[in-house]
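**Student:** Sharing query-v8.csv here; it has CSV, C-alpha atoms.
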```csv
chain,number,residue,atom,x,y,z
A,205,MET,CA,151.9,52.1,67.7
A,206,GLN,CA,149.4,49.4,66.9
A,207,ALA,CA,147.0,48.6,69.8
A,208,VAL,CA,146.8,44.9,70.6
A,209,VAL,CA,144.5,43.0,72.9
A,210,LYS,CA,146.7,40.9,75.2
A,211,ALA,CA,145.6,37.8,77.0
A,212,ASP,CA,145.6,37.5,80.8
A,213,GLU,CA,146.8,33.9,81.5
A,214,ARG,CA,144.4,33.4,84.4
A,215,ARG,CA,141.2,34.9,82.9
A,216,MET,CA,141.5,36.4,79.4
A,217,PRO,CA,141.2,33.9,76.5
A,218,THR,CA,144.5,33.3,74.7
A,219,VAL,CA,143.7,35.6,71.8
A,220,CYS,CA,146.1,38.3,70.6
A,221,ARG,CA,145.0,40.4,67.7
A,222,PRO,CA,144.8,44.1,66.7
A,223,PHE,CA,141.9,45.7,68.5
A,224,GLU,CA,140.7,47.6,65.4
A,225,GLU,CA,140.2,44.3,63.6
A,226,MET,CA,137.5,43.3,66.0
A,227,ASN,CA,133.8,44.2,65.5
A,228,LEU,CA,131.9,46.0,68.2
A,229,TRP,CA,130.7,42.7,69.8
A,230,GLN,CA,134.2,41.3,70.1
A,231,ARG,CA,135.5,44.6,71.5
A,232,ILE,CA,133.1,44.6,74.4
A,233,PHE,CA,134.1,41.0,75.4
A,234,ALA,CA,137.8,41.6,74.8
A,235,GLY,CA,137.8,44.8,77.0
A,236,HIS,CA,135.7,43.5,79.9
A,237,TRP,CA,136.0,39.7,80.0
A,238,ASP,CA,138.5,39.6,82.8
A,239,GLY,CA,136.3,42.0,84.8
A,240,PHE,CA,133.2,39.8,84.2
A,241,VAL,CA,135.1,36.7,85.3
A,242,ALA,CA,136.3,38.3,88.5
A,243,GLU,CA,132.8,39.5,89.4
A,244,TYR,CA,131.3,36.1,88.6
A,245,GLU,CA,133.9,34.3,90.8
A,246,ARG,CA,133.3,36.8,93.6
A,247,GLU,CA,129.5,36.4,93.4
A,248,HIS,CA,129.3,32.7,92.9
A,249,GLY,CA,132.4,31.4,94.7
A,250,GLN,CA,133.4,29.3,91.8
A,251,SER,CA,135.1,29.5,88.4
A,252,ILE,CA,133.1,30.3,85.3
A,253,PRO,CA,131.9,27.3,83.3
A,254,GLU,CA,134.6,26.0,81.0
A,255,CYS,CA,132.3,26.1,77.9
A,256,TRP,CA,131.9,29.9,78.5
A,257,HIS,CA,135.7,30.4,78.3
A,258,GLU,CA,136.0,28.2,75.2
A,259,ASN,CA,133.2,30.0,73.4
A,260,VAL,CA,134.6,33.4,74.1
A,261,GLU,CA,138.1,32.4,73.0
A,262,ARG,CA,136.8,31.0,69.7
A,263,MET,CA,134.5,34.0,69.2
A,264,LEU,CA,137.4,36.5,69.7
A,265,SER,CA,139.6,34.7,67.1
A,266,CYS,CA,136.8,34.4,64.5
A,267,GLY,CA,138.0,35.5,61.2
A,268,ASP,CA,141.6,36.0,62.4
A,269,ILE,CA,143.9,34.8,59.6
A,270,ARG,CA,146.6,34.0,62.2
A,271,GLU,CA,144.4,31.1,63.2
A,272,GLY,CA,144.1,29.8,59.6
A,273,TYR,CA,142.4,31.0,56.4
A,274,TYR,CA,141.2,30.3,52.9
A,275,GLU,CA,143.0,32.1,50.1
A,276,TYR,CA,141.0,33.0,47.0
A,277,TYR,CA,142.6,33.8,43.7
A,278,CYS,CA,141.0,35.8,40.8
A,279,GLN,CA,142.0,34.4,37.4
A,280,ASP,CA,141.1,37.6,35.7
A,281,CYS,CA,143.2,40.2,37.6
A,282,GLY,CA,145.5,38.0,39.6
A,283,ALA,CA,144.4,39.5,43.0
A,284,THR,CA,144.3,37.2,46.1
A,285,LYS,CA,142.2,37.5,49.2
A,286,LYS,CA,142.6,35.7,52.5
A,287,VAL,CA,139.5,34.9,54.5
A,288,GLY,CA,139.9,33.7,58.1
A,289,PHE,CA,138.2,30.5,59.3
A,290,THR,CA,134.9,30.9,61.1
A,291,CYS,CA,134.8,29.9,64.8
A,292,LYS,CA,131.4,28.1,65.0
A,293,SER,CA,130.9,29.5,68.5
A,294,ARG,CA,127.3,29.8,69.8
A,295,LEU,CA,128.5,33.2,71.0
A,296,CYS,CA,129.5,34.5,67.6
A,297,LEU,CA,127.2,36.9,65.7
A,298,ARG,CA,129.2,36.1,62.5
A,299,CYS,CA,128.7,32.4,62.5
A,300,PHE,CA,125.1,31.9,63.7
A,301,LYS,CA,123.7,32.0,60.1
A,302,VAL,CA,125.5,28.8,59.2
A,303,ALA,CA,124.3,27.2,62.4
A,304,VAL,CA,120.7,28.2,61.6
A,305,ASP,CA,121.0,26.7,58.1
A,306,ASP,CA,122.3,23.5,59.6
A,307,TRP,CA,119.4,23.3,62.1
A,308,LEU,CA,116.9,24.0,59.3
A,309,GLU,CA,118.3,21.2,57.1
A,310,GLN,CA,118.1,18.8,60.1
A,311,ALA,CA,114.5,19.8,60.8
A,312,LYS,CA,113.6,19.3,57.1
A,313,ARG,CA,114.8,15.7,57.4
A,314,VAL,CA,112.7,15.1,60.5
A,315,LEU,CA,109.4,17.0,60.2
A,316,PHE,CA,106.9,15.5,57.8
A,317,GLU,CA,106.4,17.6,54.7
A,318,GLY,CA,103.0,19.0,54.1
A,319,VAL,CA,101.8,18.5,57.7
A,320,ILE,CA,100.4,21.5,59.5
A,321,HIS,CA,102.2,22.3,62.8
A,322,ARG,CA,101.4,24.3,65.9
A,323,GLN,CA,103.7,26.3,68.1
A,324,VAL,CA,103.2,25.6,71.8
A,325,VAL,CA,105.1,27.8,74.3
A,326,LEU,CA,105.5,26.6,77.9
A,327,THR,CA,106.9,28.7,80.8
A,328,VAL,CA,107.3,28.5,84.6
A,329,PRO,CA,107.2,31.0,87.5
A,330,PRO,CA,110.4,32.8,88.3
A,331,ALA,CA,110.8,30.9,91.6
A,332,LEU,CA,111.6,27.7,89.6
A,333,ARG,CA,114.1,29.1,87.2
A,334,PRO,CA,117.2,28.8,89.4
A,335,LEU,CA,116.6,25.1,89.8
A,336,ILE,CA,116.0,24.5,86.1
A,337,LEU,CA,119.2,26.4,85.2
A,338,SER,CA,121.3,24.6,87.8
A,339,GLY,CA,122.5,21.7,85.6
A,340,GLU,CA,122.0,19.4,82.7
A,341,LYS,CA,119.7,16.9,84.5
A,342,GLU,CA,117.4,19.7,85.5
A,343,LEU,CA,117.3,21.1,81.9
A,344,LYS,CA,116.6,17.7,80.4
A,345,ALA,CA,113.8,17.1,83.0
A,346,TYR,CA,112.3,20.4,82.1
A,347,ILE,CA,112.1,19.6,78.4
A,348,ASP,CA,110.9,16.0,79.0
A,349,ALA,CA,108.1,17.3,81.2
A,350,GLY,CA,106.8,19.6,78.5
A,351,ALA,CA,106.8,16.8,75.9
A,352,LYS,CA,104.9,14.5,78.4
A,353,ALA,CA,102.3,17.1,79.0
A,354,VAL,CA,101.6,17.7,75.3
A,355,LYS,CA,101.6,14.1,74.3
A,356,GLU,CA,99.3,13.2,77.2
A,357,LEU,CA,96.8,15.9,76.3
A,358,VAL,CA,96.4,14.5,72.7
A,359,GLU,CA,96.4,10.9,73.9
A,360,GLU,CA,93.5,11.5,76.2
A,361,TRP,CA,91.5,13.3,73.5
A,362,ARG,CA,91.0,10.0,71.6
A,363,LYS,CA,92.0,7.3,74.1
A,364,LYS,CA,90.9,4.3,72.0
A,365,ARG,CA,92.8,5.5,68.9
A,366,LYS,CA,96.1,6.0,70.8
A,367,ILE,CA,97.3,8.8,68.5
A,368,ARG,CA,101.0,9.6,68.6
A,369,ILE,CA,102.0,13.0,67.4
A,370,GLY,CA,105.4,14.5,66.5
A,371,ILE,CA,107.2,17.1,68.6
A,372,MET,CA,110.2,19.2,67.9
A,373,ALA,CA,111.3,20.9,71.2
A,374,VAL,CA,113.5,24.0,71.4
A,375,LEU,CA,114.8,25.2,74.7
A,376,GLN,CA,115.4,28.9,75.1
A,377,LEU,CA,117.3,30.1,78.2
A,378,HIS,CA,116.8,33.8,77.9
A,379,GLY,CA,114.2,36.5,77.4
A,380,ARG,CA,114.4,39.3,74.9
A,381,ALA,CA,116.5,41.5,77.1
A,382,GLY,CA,119.0,38.7,77.8
A,383,ASN,CA,117.5,38.1,81.2
A,384,SER,CA,117.3,34.5,82.6
A,385,ASN,CA,114.0,33.1,81.4
A,386,PRO,CA,114.1,29.4,80.5
A,387,HIS,CA,111.1,28.4,78.4
A,388,LEU,CA,110.1,25.9,75.8
A,389,HIS,CA,109.0,26.2,72.2
A,390,PHE,CA,107.4,23.1,70.8
A,391,VAL,CA,106.6,22.6,67.1
A,392,VAL,CA,103.7,20.1,67.3
A,393,SER,CA,102.2,18.2,64.4
A,394,GLU,CA,98.5,18.7,64.0
A,395,GLY,CA,98.2,15.0,63.2
A,396,GLY,CA,99.6,11.7,64.2
A,397,ILE,CA,99.7,7.9,63.7
A,398,ASP,CA,97.0,5.8,65.5
A,399,LYS,CA,97.3,2.3,66.8
A,400,ASP,CA,96.5,0.9,63.3
A,401,GLY,CA,99.2,2.9,61.6
A,402,THR,CA,96.6,5.3,60.1
A,403,TRP,CA,97.3,9.1,59.9
A,404,ARG,CA,94.7,11.1,62.0
A,405,GLY,CA,94.3,14.8,62.0
A,406,VAL,CA,94.6,16.5,65.4
A,407,ASN,CA,93.5,20.1,65.8
A,408,TYR,CA,92.6,19.8,69.5
A,409,PHE,CA,94.5,21.8,72.1
A,410,ASP,CA,92.6,22.5,75.3
A,411,THR,CA,94.8,25.2,76.8
A,412,LYS,CA,93.2,25.0,80.3
A,413,LYS,CA,93.9,21.3,80.5
A,414,LEU,CA,97.4,21.7,79.2
A,415,ARG,CA,98.2,24.3,81.8
A,416,ARG,CA,97.5,21.9,84.6
A,417,LYS,CA,99.2,19.0,82.9
A,418,TRP,CA,102.3,21.1,82.3
A,419,GLN,CA,102.4,22.2,85.9
A,420,TYR,CA,102.0,18.6,87.2
A,421,HIS,CA,104.7,17.1,84.9
A,422,VAL,CA,107.3,19.8,85.4
A,423,VAL,CA,106.9,19.7,89.2
A,424,THR,CA,107.0,15.9,89.2
A,425,GLU,CA,110.1,15.6,87.0
A,426,LEU,CA,112.0,18.3,89.0
A,427,ARG,CA,111.1,16.4,92.2
A,428,LYS,CA,112.7,13.3,90.8
A,429,VAL,CA,115.9,15.2,90.0
A,430,VAL,CA,116.4,16.6,93.5
A,431,ARG,CA,115.4,13.4,95.2
A,432,GLY,CA,118.2,12.1,97.4
A,433,SER,CA,120.3,15.3,97.0
A,434,GLY,CA,121.2,18.0,99.5
A,435,ARG,CA,118.6,20.2,97.9
A,436,GLU,CA,115.7,17.9,98.4
A,437,ALA,CA,114.3,19.5,101.6
A,438,GLU,CA,114.6,23.0,100.2
A,439,TRP,CA,113.0,22.4,96.8
A,440,ASN,CA,110.3,19.9,97.8
A,441,ASP,CA,108.5,22.6,99.7
A,442,LYS,CA,108.9,25.1,96.9
A,443,LEU,CA,107.8,22.6,94.3
A,444,GLY,CA,104.8,21.5,96.4
A,445,SER,CA,103.7,25.1,96.9
A,446,MET,CA,103.3,25.6,93.1
A,447,PHE,CA,99.9,23.9,93.1
A,448,ARG,CA,98.6,26.2,95.8
A,449,ARG,CA,100.1,29.4,94.4
A,450,TYR,CA,99.0,28.6,90.8
A,451,PRO,CA,95.7,26.7,91.0
A,452,THR,CA,95.0,27.1,87.3
A,453,GLY,CA,98.4,25.7,86.2
A,454,PHE,CA,101.5,27.3,84.6
A,455,ASP,CA,101.4,29.6,81.5
A,456,VAL,CA,100.8,28.0,78.1
A,457,ASP,CA,100.4,29.6,74.7
A,458,CYS,CA,99.2,27.6,71.6
A,459,MET,CA,99.5,29.2,68.2
A,460,PRO,CA,98.5,27.5,65.0
A,461,GLU,CA,100.9,28.1,62.1
A,462,SER,CA,99.3,28.9,58.8
A,463,GLY,CA,102.5,29.4,56.8
A,464,PRO,CA,105.4,27.0,56.0
A,465,VAL,CA,106.9,25.3,59.1
A,466,GLU,CA,110.4,26.3,57.8
A,467,ARG,CA,109.7,29.9,58.8
A,468,LEU,CA,108.9,28.9,62.3
A,469,VAL,CA,111.9,26.6,62.6
A,470,VAL,CA,114.3,29.3,61.5
A,471,TYR,CA,112.8,31.7,64.0
A,472,LEU,CA,113.2,29.2,66.8
A,473,CYS,CA,116.7,28.0,65.9
A,474,LYS,CA,118.1,31.5,66.0
A,475,TYR,CA,117.5,31.2,69.8
A,476,VAL,CA,119.9,28.2,70.2
A,477,SER,CA,122.4,29.4,67.6
A,478,SER,CA,123.2,33.0,68.5
A,479,PRO,CA,123.2,35.4,71.4
A,480,PRO,CA,120.0,37.2,72.5
A,481,ILE,CA,120.6,40.3,70.4
A,482,SER,CA,122.4,41.3,67.2
A,483,ILE,CA,125.0,44.0,66.7
A,484,ARG,CA,122.6,46.4,65.1
A,485,ARG,CA,120.6,46.5,68.4
A,486,ILE,CA,123.6,48.0,70.2
A,487,GLU,CA,123.0,51.7,70.1
A,488,GLU,CA,126.2,52.9,71.9
A,489,TYR,CA,129.3,51.6,73.6
A,490,ASP,CA,131.5,54.2,75.4
A,491,GLY,CA,134.2,51.8,76.7
A,492,LYS,CA,132.4,51.2,80.0
A,493,ASN,CA,128.6,51.0,79.3
A,494,VAL,CA,126.5,49.5,76.6
A,495,THR,CA,123.2,50.9,75.4
A,496,TYR,CA,121.0,48.5,73.5
A,497,ARG,CA,117.4,48.1,72.4
A,498,TYR,CA,115.0,45.2,72.4
A,499,ASN,CA,111.3,44.6,71.9
A,500,ASP,CA,109.4,43.8,75.1
A,501,HIS,CA,106.0,41.9,74.8
A,502,ARG,CA,104.4,44.4,77.2
A,503,LYS,CA,106.4,47.6,76.9
A,504,GLY,CA,107.2,47.6,73.2
A,505,LEU,CA,110.6,49.0,72.1
A,506,VAL,CA,112.9,49.4,75.2
A,507,GLN,CA,116.3,51.0,75.3
A,508,GLU,CA,118.5,50.1,78.2
A,509,THR,CA,122.0,51.2,79.4
A,510,ILE,CA,124.0,48.8,81.6
A,511,SER,CA,127.7,48.3,82.4
A,512,ALA,CA,129.7,46.2,79.9
A,513,VAL,CA,130.3,43.6,82.6
A,514,GLU,CA,126.6,43.2,83.2
A,515,PHE,CA,126.0,43.1,79.4
A,516,ILE,CA,128.4,40.2,79.0
A,517,GLY,CA,126.6,38.4,81.8
A,518,ARG,CA,123.3,38.8,80.0
A,519,MET,CA,124.6,37.7,76.7
A,520,ILE,CA,126.6,34.7,77.8
A,521,ARG,CA,124.2,33.1,80.2
A,522,HIS,CA,122.2,31.5,77.4
A,523,LEU,CA,125.1,29.2,76.6
A,524,PRO,CA,124.1,25.6,77.6
A,525,PRO,CA,126.4,23.0,79.1
A,526,LYS,CA,128.9,21.6,76.6
A,527,ASN,CA,127.3,19.0,74.3
A,528,PHE,CA,123.8,19.6,75.7
A,529,ARG,CA,121.1,19.2,73.1
A,530,MET,CA,118.9,22.3,72.9
A,531,VAL,CA,116.7,20.8,70.2
A,532,ARG,CA,115.1,17.5,70.8
A,533,TYR,CA,112.5,15.3,69.1
A,534,TYR,CA,109.6,13.3,70.6
A,535,GLY,CA,106.8,11.1,69.6
A,536,ILE,CA,106.8,10.0,65.9
A,537,TYR,CA,109.6,12.5,65.3
A,538,ALA,CA,111.9,10.7,67.7
A,539,ARG,CA,114.6,9.0,65.6
A,540,PRO,CA,113.8,5.3,66.3
A,541,ILE,CA,110.1,5.8,65.8
A,542,ARG,CA,110.4,7.9,62.7
A,543,GLU,CA,112.8,5.6,60.9
```
Output the file's structure as structure tokens, nothing else.
**Tutor:**
Amino acid sequence: MQAVVKADERRMPTVCRPFEEMNLWQRIFAGHWDGFVAEYEREHGQSIPECWHENVERMLSCGDIREGYYEYYCQDCGATKKVGFTCKSRLCLRCFKVAVDDWLEQAKRVLFEGVIHRQVVLTVPPALRPLILSGEKELKAYIDAGAKAVKELVEEWRKKRKIRIGIMAVLQLHGRAGNSNPHLHFVVSEGGIDKDGTWRGVNYFDTKKLRRKWQYHVVTELRKVVRGSGREAEWNDKLGSMFRRYPTGFDVDCMPESGPVERLVVYLCKYVSSPPISIRRIEEYDGKNVTYRYNDHRKGLVQETISAVEFIGRMIRHLPPKNFRMVRYYGIYARPIRE
């Protein structure tokens, strides 16, 4: 008798297809999604975000010809082949390549050709991460704060020239292990337009100054978000303590890019177009636990075994709110200014 994954009306996405048709990634979600939802609701006292449910449902049906397909015909031998539609879910390991290509084409239309760019990575202490991840306003404030810090650093370098640079901002919500670690990757032009409309080269990045500016702007922007809310008293104290606890500012890393900027863009856009790991990094799945590997900046190659429910939690938490823009443009790369 053929094994079929049946949908639970309350939790399980409405997908019904033979289990053996699914790849390993889909099987883990199909077998443990209802358990994950129950644990999430018990721990958080609320339902899972609707966009999570939608993305899982689409991912599980990806490539299923019952949901629609293209049919190809060979004129030489007369053979036909049906290929199921892709799902375009951010949770799908099959579809992310198309999404990366789309991001790359968009970036090519925005970033100025032939201009050297620098990657700037901005992070915050773990104490601030729950606030940043709590909603769309907090996430946007987080990205805007980083852009303000970088632009201000360059503007103060040559105040009279009023140089405006271009910034492509990419928000990453997870670390390499799939853990919650919201941080920012900026692709920054090493040049900009001055007040006279003349292009000026910019190779100045004082990391010490940027650390303090980043700290000031992110704390200031997050204070604005919580102002007038029920969280204001709690978070004002925590935000204010950041200056005392981190007197030199928050972590910043600036890396000049010697190669084509396209390589950097592809690397960064994978973060917003796919889950934290690929199928080939899953070492073993026994029906209950998942063993997978990842590269840690400090420890090197790490192999970890966790329950399938916890694995789903790590992999799905990177999904942003529906329609939230994970890639944004600032300065001369902002649409109105660039055009």
**Student:** Which value, in Å to one decimal, gives the distance between atom CA of A:Glu342 and atom CA of A:Val423?
**Tutor:**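 Separating atom CA of A:Glu342 from atom CA of A:Val423 is a distance of 11.1 Å.
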**Student:** Quick one, how far is atom CA of A:Val531 from atom CA of A:Asp500?
**Tutor:**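 Distance reported for this atom pair: 24.6 Å.
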**Student:** Hey, which bits of stretch 495-517 of chain A sit within 12 Å of stretch 244-255 of chain A, and for each residue what's the closest pair of atoms and how far apart in Å (one decimal), counting only C-alpha atoms, rows by chain and increasing number, as a tab-separated table?
**Tutor:**
```
residue	atom	partner	partner_atom	distance
A:Val513	CA	A:Tyr244	CA	9.7
A:Glu514	CA	A:Tyr244	CA	10.1
A:Ile516	CA	A:Tyr244	CA	10.8
A:Gly517	CA	A:Tyr244	CA	8.6
```
**Student:** Could you check how far atom CA of A:Val304 sits from atom CA of A:Cys473, in Å to one decimal?
**Tutor:**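 About the pair atom CA of A:Val304 and atom CA of A:Cys473: they are 5.9 Å apart.
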**Student:** Calculated over all atoms listed in the file, which of the candidates A:Ile371, A:Val476, A:Val456, A:Ala437 has the smallest distance to A:Val391?
**Tutor:**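 Among the listed residues, A:Ile371 lies closest to A:Val391.
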**Student:** With distances taken over all atoms listed in the file, which of A:Ile486, A:Leu523, A:Val469, A:Ala283 is nearest to A:Asp305?
**Tutor:** A:Val469
**Student:** I'd like to know which of A:Asn499, A:Thr452, A:Gln279, A:Gln230 is closest to A:Val260, using only C-alpha atoms.
**Tutor:**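 That would be A:Gln230, the residue with the smallest distance to A:Val260.
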**Student:** Could you check which of A:Lys364, A:Lys412, A:Arg485, A:Lys285 is closest to A:Gln507, using only C-alpha atoms?
**Tutor:**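 Closest residue, counting only C-alpha atoms: A:Arg485.
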